[in-house]
Amino acid sequence: MRSTLSTLELLRPRTLDEALERMTGTPRPTPLGGGTDLFVYLNAGTQAGERYLDLTRIASLAKVRVARGAITIGGGVTFRAIRDHAEIRRRFPALVAAASEVGAWQIQNRATIAGNIANASPAGDSLPVLLAHDAVVRVASVRGERDIAFAELYRGYRDLAIEPDELVTAVTLPTPPARHRAFFRKVGTRRAQSISKVVFAGLIATDRSGVVSHVRLAYGSMAPVPARALGSENALLNAPITPHTIAAARAALPTDFTPIDDIRSDRGYRAKVAGNILEQFLRALSAA
Ligand SMILES: Cc1cc2nc3c(=O)[nH]c(=O)nc-3n(C[C@H](O)[C@H](O)[C@H](O)COP(=O)(O)OP(=O)(O)OC[C@H]3O[C@@H](n4cnc5c(N)ncnc54)[C@H](O)[C@@H]3O)c2cc1C
C-alpha cells in the first residue's frame, strides 16, 4: 500500500556533522538524496521507515573538487551538475555520458551520485563507470571517515559494505593513466529513458607502440553487482588491439559472466549485447 506522506517525519540538517549525529538516532532515519528512488518505493508501499534525513541542504555534499587530475564529487552532486561540470566533461567523459542517460532531465536535476551508489541497483548507470575508473567511495559517521574502493563496495545484491549509520559523502575518480580512452554504452528497451538491459564502461590505456598497458571492462545489469570482465581484460593486457585480441576478449566474456535473467531481459540477449558493446569499444580504439 502507498505510504501516507503526511505521517512521515523529515529531518533537515544543514551540516554534515548534524546529519551524522541524526544517523545515530532511534529510530534511525533513512537518508534522502534526490528522492528519485525513495519516492518510487514510497509510492509502491515497499519503503519501510517513517523518518527521513534530507541531505539536500548540506552544501559540502554538493561540491566538486579537482586536485592534481583527480576529481572528488560530493555525494549530493546531481547528474545534471555532473553533466554541466567543465572539468568532469574534460577528464571523465564516460561519467558525463552515463549522467546524460539517467532518466530524463527531471530525474537528472534531482538524482544524486550517492543515491545511485547507495541504491545499489545492478542497473545503476554510473556504477560501471566508477568501477572502470577505480573510484574510491568516502563514507562518514560520528566515528569518522573512511574510504572504500568501489570494487569492494558491493558484497552481494543490494548489500553494501557500509555501516547502517554511515553516509556516502563523496566519490573520487583518480587521474586516469596516460594515453587512455574511456567509453560508456547503455542498452535498454529504447534509446532514451529506459533502465539498462546491459550497461558498460571501458577504460583502456596503451603505450606508444599501441600495446595495452591498462584495461578495465566493467558491466552493469549482468550480475547481482556491477562487475569487471577479468577474463576479457586478460585477453587484452600486454597486447595490441587487433582483430585477434578483440575476438579473444569477446570469447572470454562467457567465462566472466553468466548474465542474469530478470523482468528487463534474458541472459541470452544480455550475453550477445555485452559482446557487441565490447567489440564496438575495441574496434573504435583500433581504428583511432
Ligand atoms: C523515472 C525514473 C527514471 C530513472 N532512470 C534511471 C536511469 O536511467 N539510470 C539509473 O541509474 N537510475 C535511474 N533511476 C533511479 C534513480 O534516479 C537513481 O538511482 C538516482 O541516482 C538515485 O539518486 P537519489 O539522490 O534520487 O536517491 P534517493 O532516492 O534519495 O535514495 C536512494 C537510496 O540511496 C540512499 N541514499 C541517498 N543518499 C545517500 C547518502 N548520501 N548516503 C547513504 N545513503 C544514501 C537512500 O536512503 C536510498 O536507499 C530512475 C528513477 C526514476 C524515478
# chains A, B, ... in the order shown; residues from 1 in each chain; ligands from 1
call {"tool": "select_by_dssp", "arguments": {"residues": "region 119-243 of chain A", "states": "alpha helix (DSSP H)", "output": "list in words"}}
result
Asn119, Ser126, Leu127, Pro128, Val129, Leu130, Leu131, Ala132, Leu230, Gly231, Ser232, Glu233, Asn234, Ala235, Leu236 and Pro243 of chain A
call {"tool": "write_last_selection", "arguments": {"atoms": "all heavy atoms", "output": "JSON list (two decimals), in the first residue's frame"}}
result
[["chain", "number", "residue", "atom", "x", "y", "z"],
["A", 119, "ASN", "N", 21.71, 3.20, -3.63],
["A", 119, "ASN", "CA", 20.54, 2.42, -4.06],
["A", 119, "ASN", "C", 20.97, 1.02, -4.51],
["A", 119, "ASN", "O", 20.24, 0.05, -4.39],
["A", 119, "ASN", "CB", 19.79, 3.14, -5.17],
["A", 119, "ASN", "CG", 18.49, 2.47, -5.51],
["A", 119, "ASN", "OD1", 17.64, 2.27, -4.64],
["A", 119, "ASN", "ND2", 18.33, 2.09, -6.77],
["A", 126, "SER", "N", 25.74, 4.92, -13.32],
["A", 126, "SER", "CA", 27.08, 5.46, -13.02],
["A", 126, "SER", "C", 28.02, 4.36, -12.51],
["A", 126, "SER", "O", 29.24, 4.55, -12.49],
["A", 126, "SER", "CB", 26.98, 6.58, -11.98],
["A", 126, "SER", "OG", 26.68, 6.07, -10.69],
["A", 127, "LEU", "N", 27.47, 3.24, -12.08],
["A", 127, "LEU", "CA", 28.28, 2.27, -11.34],
["A", 127, "LEU", "C", 29.40, 1.62, -12.17],
["A", 127, "LEU", "O", 30.55, 1.55, -11.70],
["A", 127, "LEU", "CB", 27.39, 1.23, -10.66],
["A", 127, "LEU", "CG", 26.21, 1.81, -9.85],
["A", 127, "LEU", "CD1", 25.44, 0.71, -9.15],
["A", 127, "LEU", "CD2", 26.67, 2.87, -8.87],
["A", 128, "PRO", "N", 29.13, 1.16, -13.41],
["A", 128, "PRO", "CA", 30.25, 0.61, -14.18],
["A", 128, "PRO", "C", 31.34, 1.65, -14.47],
["A", 128, "PRO", "O", 32.52, 1.30, -14.54],
["A", 128, "PRO", "CB", 29.59, 0.14, -15.49],
["A", 128, "PRO", "CG", 28.14, 0.07, -15.22],
["A", 128, "PRO", "CD", 27.85, 1.03, -14.12],
["A", 129, "VAL", "N", 30.93, 2.92, -14.61],
["A", 129, "VAL", "CA", 31.93, 3.96, -14.86],
["A", 129, "VAL", "C", 32.84, 4.10, -13.64],
["A", 129, "VAL", "O", 34.07, 4.18, -13.76],
["A", 129, "VAL", "CB", 31.27, 5.31, -15.18],
["A", 129, "VAL", "CG1", 32.32, 6.35, -15.49],
["A", 129, "VAL", "CG2", 30.27, 5.18, -16.32],
["A", 130, "LEU", "N", 32.23, 4.11, -12.45],
["A", 130, "LEU", "CA", 33.02, 4.25, -11.23],
["A", 130, "LEU", "C", 33.94, 3.04, -11.05],
["A", 130, "LEU", "O", 35.09, 3.17, -10.62],
["A", 130, "LEU", "CB", 32.09, 4.42, -10.02],
["A", 130, "LEU", "CG", 31.18, 5.66, -10.09],
["A", 130, "LEU", "CD1", 30.25, 5.70, -8.88],
["A", 130, "LEU", "CD2", 32.00, 6.95, -10.18],
["A", 131, "LEU", "N", 33.44, 1.88, -11.44],
["A", 131, "LEU", "CA", 34.27, 0.66, -11.34],
["A", 131, "LEU", "C", 35.43, 0.73, -12.33],
["A", 131, "LEU", "O", 36.58, 0.43, -11.98],
["A", 131, "LEU", "CB", 33.37, -0.55, -11.60],
["A", 131, "LEU", "CG", 33.96, -1.94, -11.40],
["A", 131, "LEU", "CD1", 34.50, -2.10, -9.99],
["A", 131, "LEU", "CD2", 32.89, -3.01, -11.67],
["A", 132, "ALA", "N", 35.14, 1.14, -13.56],
["A", 132, "ALA", "CA", 36.19, 1.19, -14.58],
["A", 132, "ALA", "C", 37.26, 2.22, -14.22],
["A", 132, "ALA", "O", 38.43, 2.07, -14.59],
["A", 132, "ALA", "CB", 35.58, 1.53, -15.94],
["A", 230, "LEU", "N", 37.07, -9.85, -16.06],
["A", 230, "LEU", "CA", 38.51, -10.05, -15.85],
["A", 230, "LEU", "C", 39.15, -10.91, -16.93],
["A", 230, "LEU", "O", 40.28, -10.66, -17.35],
["A", 230, "LEU", "CB", 38.73, -10.67, -14.47],
["A", 230, "LEU", "CG", 38.28, -9.79, -13.29],
["A", 230, "LEU", "CD1", 38.41, -10.54, -11.96],
["A", 230, "LEU", "CD2", 39.07, -8.48, -13.23],
["A", 231, "GLY", "N", 38.42, -11.91, -17.41],
["A", 231, "GLY", "CA", 38.97, -12.77, -18.47],
["A", 231, "GLY", "C", 39.19, -11.97, -19.74],
["A", 231, "GLY", "O", 40.23, -12.11, -20.41],
["A", 232, "SER", "N", 38.24, -11.14, -20.08],
["A", 232, "SER", "CA", 38.37, -10.30, -21.28],
["A", 232, "SER", "C", 39.51, -9.30, -21.09],
["A", 232, "SER", "O", 40.27, -9.02, -22.03],
["A", 232, "SER", "CB", 37.07, -9.56, -21.55],
["A", 232, "SER", "OG", 36.03, -10.47, -21.75],
["A", 233, "GLU", "N", 39.63, -8.75, -19.90],
["A", 233, "GLU", "CA", 40.74, -7.82, -19.63],
["A", 233, "GLU", "C", 42.08, -8.53, -19.85],
["A", 233, "GLU", "O", 42.99, -7.99, -20.49],
["A", 233, "GLU", "CB", 40.66, -7.29, -18.20],
["A", 233, "GLU", "CG", 39.48, -6.36, -17.95],
["A", 233, "GLU", "CD", 39.43, -5.84, -16.52],
["A", 233, "GLU", "OE1", 40.32, -6.18, -15.71],
["A", 233, "GLU", "OE2", 38.47, -5.11, -16.19],
["A", 234, "ASN", "N", 42.18, -9.76, -19.35],
["A", 234, "ASN", "CA", 43.44, -10.50, -19.50],
["A", 234, "ASN", "C", 43.77, -10.79, -20.96],
["A", 234, "ASN", "O", 44.94, -10.84, -21.35],
["A", 234, "ASN", "CB", 43.38, -11.83, -18.73],
["A", 234, "ASN", "CG", 43.60, -11.60, -17.25],
["A", 234, "ASN", "OD1", 44.21, -10.59, -16.87],
["A", 234, "ASN", "ND2", 43.08, -12.49, -16.42],
["A", 235, "ALA", "N", 42.71, -10.98, -21.75],
["A", 235, "ALA", "CA", 42.94, -11.26, -23.17],
["A", 235, "ALA", "C", 43.51, -10.05, -23.91],
["A", 235, "ALA", "O", 44.08, -10.19, -24.99],
["A", 235, "ALA", "CB", 41.63, -11.71, -23.82],
["A", 236, "LEU", "N", 43.35, -8.87, -23.31],
["A", 236, "LEU", "CA", 43.80, -7.64, -23.98],
["A", 236, "LEU", "C", 45.11, -7.10, -23.43],
["A", 236, "LEU", "O", 45.89, -6.45, -24.15],
["A", 236, "LEU", "CB", 42.72, -6.56, -23.82],
["A", 236, "LEU", "CG", 41.40, -6.84, -24.53],
["A", 236, "LEU", "CD1", 40.31, -5.91, -24.02],
["A", 236, "LEU", "CD2", 41.56, -6.68, -26.04],
["A", 243, "PRO", "N", 42.26, -7.63, -34.58],
["A", 243, "PRO", "CA", 41.08, -8.50, -34.72],
["A", 243, "PRO", "C", 41.22, -9.77, -33.88],
["A", 243, "PRO", "O", 40.23, -10.26, -33.30],
["A", 243, "PRO", "CB", 41.04, -8.81, -36.22],
["A", 243, "PRO", "CG", 41.68, -7.60, -36.85],
["A", 243, "PRO", "CD", 42.77, -7.17, -35.89]]
call {"tool": "residues_around", "arguments": {"residues": "Ile117 (chain A)", "least_positions_apart": "5", "cutoff": "10 Å", "atoms": "only C-alpha atoms", "output": "list in words"}}
result
Gly75, Thr112, Pro122, Gly124, Asp125, Ser126, Leu127, Leu130, Val137, Phe150, Leu153, Tyr154, Arg158, Leu160, Val168 and Val171 of chain A
call {"tool": "write_last_selection", "arguments": {"atoms": "N, CA and C atoms", "output": "short mmCIF file (atom, residue, chain, number, x, y, z; two decimals), in the first residue's frame"}}
result
data_model
loop_
_atom_site.label_atom_id
_atom_site.label_comp_id
_atom_site.auth_asym_id
_atom_site.auth_seq_id
_atom_site.Cartn_x
_atom_site.Cartn_y
_atom_site.Cartn_z
N GLY A 75 28.68 13.59 -2.50
CA GLY A 75 27.57 12.63 -2.64
C GLY A 75 26.27 13.28 -3.08
N THR A 112 21.07 12.08 -7.29
CA THR A 112 22.45 12.31 -6.87
C THR A 112 23.31 11.07 -7.12
N PRO A 122 21.88 -3.15 -9.62
CA PRO A 122 22.91 -3.59 -10.59
C PRO A 122 22.79 -2.85 -11.92
N GLY A 124 22.30 0.48 -12.10
CA GLY A 124 22.66 1.90 -11.90
C GLY A 124 23.68 2.33 -12.95
N ASP A 125 23.37 3.40 -13.66
CA ASP A 125 24.20 3.76 -14.81
C ASP A 125 25.60 4.27 -14.47
N SER A 126 25.74 4.92 -13.32
CA SER A 126 27.08 5.46 -13.02
C SER A 126 28.02 4.36 -12.51
N LEU A 127 27.47 3.24 -12.08
CA LEU A 127 28.28 2.27 -11.34
C LEU A 127 29.40 1.62 -12.17
N LEU A 130 32.23 4.11 -12.45
CA LEU A 130 33.02 4.25 -11.23
C LEU A 130 33.94 3.04 -11.05
N VAL A 137 35.07 5.39 -2.72
CA VAL A 137 33.90 5.99 -2.10
C VAL A 137 34.24 6.39 -0.66
N PHE A 150 35.80 1.26 -4.76
CA PHE A 150 34.49 0.96 -5.35
C PHE A 150 34.35 -0.54 -5.64
N LEU A 153 32.83 -2.31 -2.72
CA LEU A 153 31.67 -1.69 -2.08
C LEU A 153 30.47 -2.64 -1.98
N TYR A 154 30.28 -3.46 -3.00
CA TYR A 154 29.08 -4.31 -3.03
C TYR A 154 29.46 -5.75 -2.67
N ARG A 158 22.44 -5.66 -3.73
CA ARG A 158 21.99 -4.54 -2.88
C ARG A 158 22.52 -4.62 -1.44
N LEU A 160 25.60 -3.40 0.66
CA LEU A 160 26.77 -2.52 0.65
C LEU A 160 27.65 -2.75 1.87
N VAL A 168 27.20 8.14 2.53
CA VAL A 168 28.15 8.29 1.42
C VAL A 168 28.35 9.79 1.23
N VAL A 171 32.70 10.64 -3.82
CA VAL A 171 33.37 9.59 -4.58
C VAL A 171 34.50 10.25 -5.37
#
call {"tool": "residues_near_ligand", "arguments": {"ligand": "ligand 1", "cutoff": "6 Å", "atoms": "only C-alpha atoms and all ligand atoms", "output": "ChimeraX atom specification"}}
result
/A:30-38,75,101-103,107,110-116,118-119,124-125,167-169,193-195
call {"tool": "write_last_selection", "arguments": {"atoms": "N, CA and C atoms", "output": "mmCIF file, in the first residue's frame"}}
result
data_model
loop_
_atom_site.group_PDB
_atom_site.id
_atom_site.type_symbol
_atom_site.label_atom_id
_atom_site.label_comp_id
_atom_site.auth_asym_id
_atom_site.auth_seq_id
_atom_site.Cartn_x
_atom_site.Cartn_y
_atom_site.Cartn_z
ATOM 1 N N THR A 30 16.181 7.285 7.417
ATOM 2 C CA THR A 30 16.654 6.853 6.088
ATOM 3 C C THR A 30 17.196 8.071 5.355
ATOM 4 N N PRO A 31 18.446 8.011 4.860
ATOM 5 C CA PRO A 31 18.974 9.159 4.115
ATOM 6 C C PRO A 31 18.131 9.410 2.862
ATOM 7 N N LEU A 32 17.914 10.673 2.577
ATOM 8 C CA LEU A 32 17.121 11.080 1.417
ATOM 9 C C LEU A 32 17.953 12.047 0.577
ATOM 10 N N GLY A 33 18.309 11.603 -0.629
ATOM 11 C CA GLY A 33 19.025 12.494 -1.553
ATOM 12 C C GLY A 33 17.994 13.194 -2.417
ATOM 13 N N GLY A 34 17.996 12.892 -3.711
ATOM 14 C CA GLY A 34 17.018 13.493 -4.613
ATOM 15 C C GLY A 34 15.645 12.866 -4.484
ATOM 16 N N GLY A 35 15.580 11.691 -3.875
ATOM 17 C CA GLY A 35 14.296 11.010 -3.685
ATOM 18 C C GLY A 35 13.785 10.281 -4.915
ATOM 19 N N THR A 36 14.602 10.203 -5.968
ATOM 20 C CA THR A 36 14.071 9.626 -7.216
ATOM 21 C C THR A 36 13.934 8.105 -7.143
ATOM 22 N N ASP A 37 14.647 7.473 -6.248
ATOM 23 C CA ASP A 37 14.388 6.057 -5.962
ATOM 24 C C ASP A 37 13.426 5.934 -4.781
ATOM 25 N N LEU A 38 13.711 6.684 -3.722
ATOM 26 C CA LEU A 38 12.906 6.531 -2.496
ATOM 27 C C LEU A 38 11.425 6.824 -2.734
ATOM 28 N N GLY A 75 28.675 13.587 -2.504
ATOM 29 C CA GLY A 75 27.573 12.634 -2.642
ATOM 30 C C GLY A 75 26.272 13.280 -3.082
ATOM 31 N N GLU A 101 22.338 9.799 -19.396
ATOM 32 C CA GLU A 101 21.356 8.745 -19.710
ATOM 33 C C GLU A 101 20.581 8.272 -18.486
ATOM 34 N N VAL A 102 20.754 8.961 -17.368
ATOM 35 C CA VAL A 102 19.953 8.617 -16.174
ATOM 36 C C VAL A 102 18.586 9.293 -16.323
ATOM 37 N N GLY A 103 17.571 8.491 -16.608
ATOM 38 C CA GLY A 103 16.223 9.034 -16.754
ATOM 39 C C GLY A 103 16.191 10.200 -17.729
ATOM 40 N N ILE A 107 14.685 13.883 -13.792
ATOM 41 C CA ILE A 107 15.374 12.963 -12.882
ATOM 42 C C ILE A 107 16.806 13.443 -12.658
ATOM 43 N N ARG A 110 17.491 16.075 -10.043
ATOM 44 C CA ARG A 110 17.362 15.726 -8.619
ATOM 45 C C ARG A 110 18.265 14.558 -8.203
ATOM 46 N N ALA A 111 18.436 13.589 -9.092
ATOM 47 C CA ALA A 111 19.139 12.343 -8.735
ATOM 48 C C ALA A 111 20.596 12.620 -8.404
ATOM 49 N N THR A 112 21.068 12.079 -7.287
ATOM 50 C CA THR A 112 22.448 12.312 -6.865
ATOM 51 C C THR A 112 23.307 11.072 -7.121
ATOM 52 N N ILE A 113 24.607 11.327 -7.154
ATOM 53 C CA ILE A 113 25.520 10.202 -7.386
ATOM 54 C C ILE A 113 25.539 9.278 -6.165
ATOM 55 N N ALA A 114 25.431 9.847 -4.941
ATOM 56 C CA ALA A 114 25.394 8.976 -3.755
ATOM 57 C C ALA A 114 24.135 8.123 -3.756
ATOM 58 N N GLY A 115 23.027 8.698 -4.232
ATOM 59 C CA GLY A 115 21.788 7.921 -4.309
ATOM 60 C C GLY A 115 21.929 6.756 -5.260
ATOM 61 N N ASN A 116 22.585 6.991 -6.383
ATOM 62 C CA ASN A 116 22.804 5.915 -7.354
ATOM 63 C C ASN A 116 23.690 4.819 -6.748
ATOM 64 N N ALA A 118 24.235 4.250 -3.415
ATOM 65 C CA ALA A 118 23.632 3.612 -2.232
ATOM 66 C C ALA A 118 22.391 2.799 -2.585
ATOM 67 N N ASN A 119 21.710 3.201 -3.633
ATOM 68 C CA ASN A 119 20.539 2.418 -4.056
ATOM 69 C C ASN A 119 20.974 1.023 -4.515
ATOM 70 N N GLY A 124 22.300 0.480 -12.099
ATOM 71 C CA GLY A 124 22.655 1.895 -11.902
ATOM 72 C C GLY A 124 23.677 2.331 -12.951
ATOM 73 N N ASP A 125 23.375 3.404 -13.659
ATOM 74 C CA ASP A 125 24.204 3.757 -14.815
ATOM 75 C C ASP A 125 25.597 4.268 -14.470
ATOM 76 N N LEU A 167 27.032 7.570 6.051
ATOM 77 C CA LEU A 167 26.538 8.235 4.841
ATOM 78 C C LEU A 167 27.624 8.219 3.779
ATOM 79 N N VAL A 168 27.203 8.138 2.531
ATOM 80 C CA VAL A 168 28.148 8.291 1.418
ATOM 81 C C VAL A 168 28.345 9.792 1.227
ATOM 82 N N THR A 169 29.562 10.259 1.438
ATOM 83 C CA THR A 169 29.772 11.712 1.368
ATOM 84 C C THR A 169 30.440 12.146 0.061
ATOM 85 N N GLN A 193 15.611 7.149 -21.751
ATOM 86 C CA GLN A 193 14.683 6.952 -20.630
ATOM 87 C C GLN A 193 14.298 5.504 -20.416
ATOM 88 N N SER A 194 15.278 4.651 -20.374
ATOM 89 C CA SER A 194 14.972 3.262 -20.018
ATOM 90 C C SER A 194 16.047 2.786 -19.048
ATOM 91 N N ILE A 195 15.684 1.811 -18.252
ATOM 92 C CA ILE A 195 16.663 1.196 -17.367
ATOM 93 C C ILE A 195 17.440 0.179 -18.213
#
call {"tool": "atom_distance", "arguments": {"atom1": "CA of Thr172 (chain A)", "atom2": "CA of Gly69 (chain A)"}}
result
10.7 Å
call {"tool": "select_by_dssp", "arguments": {"residues": "region 16-241 of chain A", "states": "strand (DSSP E)", "output": "NGL selection string"}}
result
:A and (30-32 or 51-54 or 64-67 or 70-74 or 136-141 or 144-149 or 154-156 or 159-160 or 167-173 or 180-188 or 196-206 or 212-220 or 227-228)
call {"tool": "atom_distance", "arguments": {"atom1": "CA of Ile58 (chain A)", "atom2": "CA of Ile82 (chain A)"}}
result
17.5 Å
call {"tool": "residues_around", "arguments": {"residues": "region 197-212 of chain A", "least_positions_apart": "5", "cutoff": "8 Å", "atoms": "only C-alpha atoms", "output": "ChimeraX atom specification"}}
result
/A:94,123,125,128-129,132-133,177-189,217-222,236-241,264-265,270,273-274,277,281
call {"tool": "closest_residue", "arguments": {"among": "A:Pro259, A:Pro254, A:Pro176, A:Gly76", "to": "Pro224 (chain A)", "atoms": "only C-alpha atoms"}}
result
A:Pro259
call {"tool": "atom_distance", "arguments": {"atom1": "CA of Arg57 (chain A)", "atom2": "CA of Val77 (chain A)"}}
result
11.6 Å
call {"tool": "closest_residue", "arguments": {"among": "A:Ala120, A:Leu10, A:Ala140, A:Ala97", "to": "Asp159 (chain A)", "atoms": "only C-alpha atoms"}}
result
A:Ala120
call {"tool": "closest_residue", "arguments": {"among": "A:Ala287, A:Ile263, A:Met23, A:Ala227", "to": "Tyr157 (chain A)", "atoms": "only C-alpha atoms"}}
result
A:Ala227
call {"tool": "residues_around", "arguments": {"residues": "Pro29 (chain A)", "least_positions_apart": "6", "cutoff": "6 Å", "atoms": "only C-alpha atoms", "output": "PDB file with N, CA, C and O atoms, in the first residue's frame"}}
result
ATOM      1  N   ARG A  51      11.043   7.915   9.282  1.00  0.00           N
ATOM      2  CA  ARG A  51      11.887   9.110   9.486  1.00  0.00           C
ATOM      3  C   ARG A  51      12.862   9.205   8.319  1.00  0.00           C
ATOM      4  O   ARG A  51      13.532   8.216   7.973  1.00  0.00           O
ATOM      5  N   TYR A  52      12.994  10.396   7.777  1.00  0.00           N
ATOM      6  CA  TYR A  52      13.874  10.610   6.628  1.00  0.00           C
ATOM      7  C   TYR A  52      14.824  11.766   6.904  1.00  0.00           C
ATOM      8  O   TYR A  52      14.449  12.737   7.561  1.00  0.00           O
ATOM      9  N   LEU A  53      16.020  11.610   6.415  1.00  0.00           N
ATOM     10  CA  LEU A  53      17.060  12.611   6.649  1.00  0.00           C
ATOM     11  C   LEU A  53      17.374  13.280   5.315  1.00  0.00           C
ATOM     12  O   LEU A  53      18.089  12.707   4.474  1.00  0.00           O
TER      13      LEU A  53
END
call {"tool": "closest_residue", "arguments": {"among": "A:Ala104, A:Ala192, A:Ala98, A:Ala170", "to": "Arg65 (chain A)", "atoms": "only C-alpha atoms"}}
result
A:Ala170
